[in-house]
Every structure is written in structure tokens, then in C-alpha cells.
Amino acid sequence: MEEKAGRQPRFKGDSVLWNGEWVTLRSLLTALPPEEFAALARARSMDFFSNTHAFCGRCGAPMEPAPDPVTPHARRCSGTGCEGNTRFSYPAFSVAILAAVTRRGGAELLLAHNTAWPAGRMSLVAGFLHPGEALEDCVRREVLEETGLRAANPVFSGSQAWPFPCSLMTGFTAEWEAGEIQPDGTEIDRAEWITREKFKAAGEWTTAPGTALQLPPKGSLSRRLLDAWAVKVR
Ligand SMILES: [Zn+2]
């Protein structure tokens, strides 16, 4: 990994200068080993944090790297009038959930199509955590809002740094409880229950048009949850 030797990778939005070429960070999610992608995720999220916290949100003075080695990711307000130069900011993460909802004893799994995606691309129901909300409540709310279905028994099943630009993705399994699929029409225009047979026949995530089912990219938490479901013996 060329960028390892003490140099910070350069970012431009969600692109990174990698081996002399600008590539999307998403393409490296699949191409790099997880630990290398994690290092890049950390760099990207810190780059985003520095750029969006140049000035104190309270007094407007410039922010600077915090000198305290106990808080290596923090930035500090340089304004002496602001809590006596002790006001720190820490990187804030947008927390999101992914919901692998199954029914018929796990034989079928719910996939949804986002209105912004090519026709064949589908993934798990996903959404951002609201203030004051527990992750399990977020799972139930997002499934209901996007697909009209009631989900029960959300169980945490892993997480992943998601540096697009500064999120934490959390994965849950859940079970269908009630309702028929009714996409919200705004974010999701189609959702369906898929079988393992259909999953195994699906292709990879591309930007190509076409209606054949495309799965989320390898290396993503959504794909890990799907793969875990696909190999589960009923
Ligand atoms: Zn301040």
C-alpha cells in the first residue's frame, strides 16, 4: 500500500488519489483487504471532520488540533473566551442501520430498490438513526416507512465504518411480523422477497442498466449480511 509510509492520502469528495490515479473510495471497498480499507476510512472521516470543523460552532474562532494525546481525534477551539480554551469537538458520526428482514422461517429475505439506482440494483432496507432513537427502534421504523411492513426481533449483527463521508453502518437481522409490501414511493419504489435460488443467480453491483438483480458490493456490511443469510441452513 503505497500511501502507508507516513503520508496522508489526498481526498476530493468521495475520491482518493491512489497510486497516482483518482479513484472512488467505494471502488476500494471491494478491492482492498478490510484492514487497509479501515485505515483509509479513518483518514477520509478525519479529513471530512477537519474540513467541516475549521471554526468553532459557538464563538467562531478557528479550531486547532487538540494537544491532549488522550484525545487524538479531537479539535479544540482557539478562542480564549470560549470555556477558557477547553472547548473540544469530536468527530461526529451519522449512524445508519441495515435491516436483513426474513420471513417463512428465513426462506425469504426482503430487498428494496432505491429510486436513484439502476433498475436491477437492490439492497437491504437502510436508514439513518434519529436523535433519541434506539437502533432497534430505528430498524422497525425504517422497515415500516420504506416498505409498509412490520418487523420484529431486531438483532445486532455487526458494524462497519462507512466513510461516505463519516458514517457508521450497523447491521441487524429481523423477522417479518405483519403487512404487505407497500413501497414509500419516495426513497423506495420497489421491494420484494427473494429466495436463496434467486440470490445465487444474481449478479454484482454495477452502474449498468438492466433489470437483472444486482447485489451490493463485496466488502460491504450489507453484502456480509446477505451472504450470511444465503449460507444459513434452515
Ligand atoms: Zn469557541
# chains A, B, ... in the order shown; residues from 1 in each chain; ligands from 1
$ residues_near_ligand --ligand "ligand 1" --cutoff "7 Å" --atoms "only C-alpha atoms and all ligand atoms" --output "NGL selection string"
:A and (56-61 or 77-79 or 82 or 87)
$ select_by_dssp --residues "segment 151-222 of chain A" --states "strand (DSSP E)" --output "ChimeraX atom specification"
/A:151-162,167-178,188-194,203-204,214-215
$ select_by_dssp --residues "segment 131-165 of chain A" --states "helix (DSSP H, G or I)" --output "list of chain:residue names"
A:Leu135, A:Glu136, A:Asp137, A:Cys138, A:Val139, A:Arg140, A:Arg141, A:Glu142, A:Val143, A:Leu144, A:Glu145, A:Glu146, A:Thr147
$ residues_around --residues "Phe37 of chain A" --least-positions-apart "4" --cutoff "12 Å" --atoms "only C-alpha atoms" --output "list of chain:residue names"
A:Met1, A:Glu3, A:Lys4, A:Val16, A:Leu25, A:Arg26, A:Ser27, A:Leu28, A:Leu29, A:Thr30, A:Ala31, A:Leu32, A:Pro33, A:Ala41, A:Arg42, A:Ala43, A:Arg44, A:Gln160, A:Ala161, A:Trp162, A:Pro163, A:Gly219, A:Ser220
$ atom_distance --atom1 "atom CA of Asp184 of chain A" --atom2 "atom CA of Ala112 of chain A"
10.7 Å
$ residues_around --residues "segment 136-148 of chain A" --least-positions-apart "2" --cutoff "12 Å" --atoms "only C-alpha atoms" --output "ChimeraX atom specification"
/A:95-102,110-115,124-134,150-157,170-193
$ residues_around --residues "Ile194 of chain A" --least-positions-apart "5" --cutoff "12 Å" --atoms "only C-alpha atoms" --output "PyMOL selection string"
chain A and resi 100-104+106-112+122-124+199-202+213+215+226+229-230
$ atom_distance --atom1 "atom CA of Trp18 of chain A" --atom2 "atom CA of Ser45 of chain A"
16.6 Å
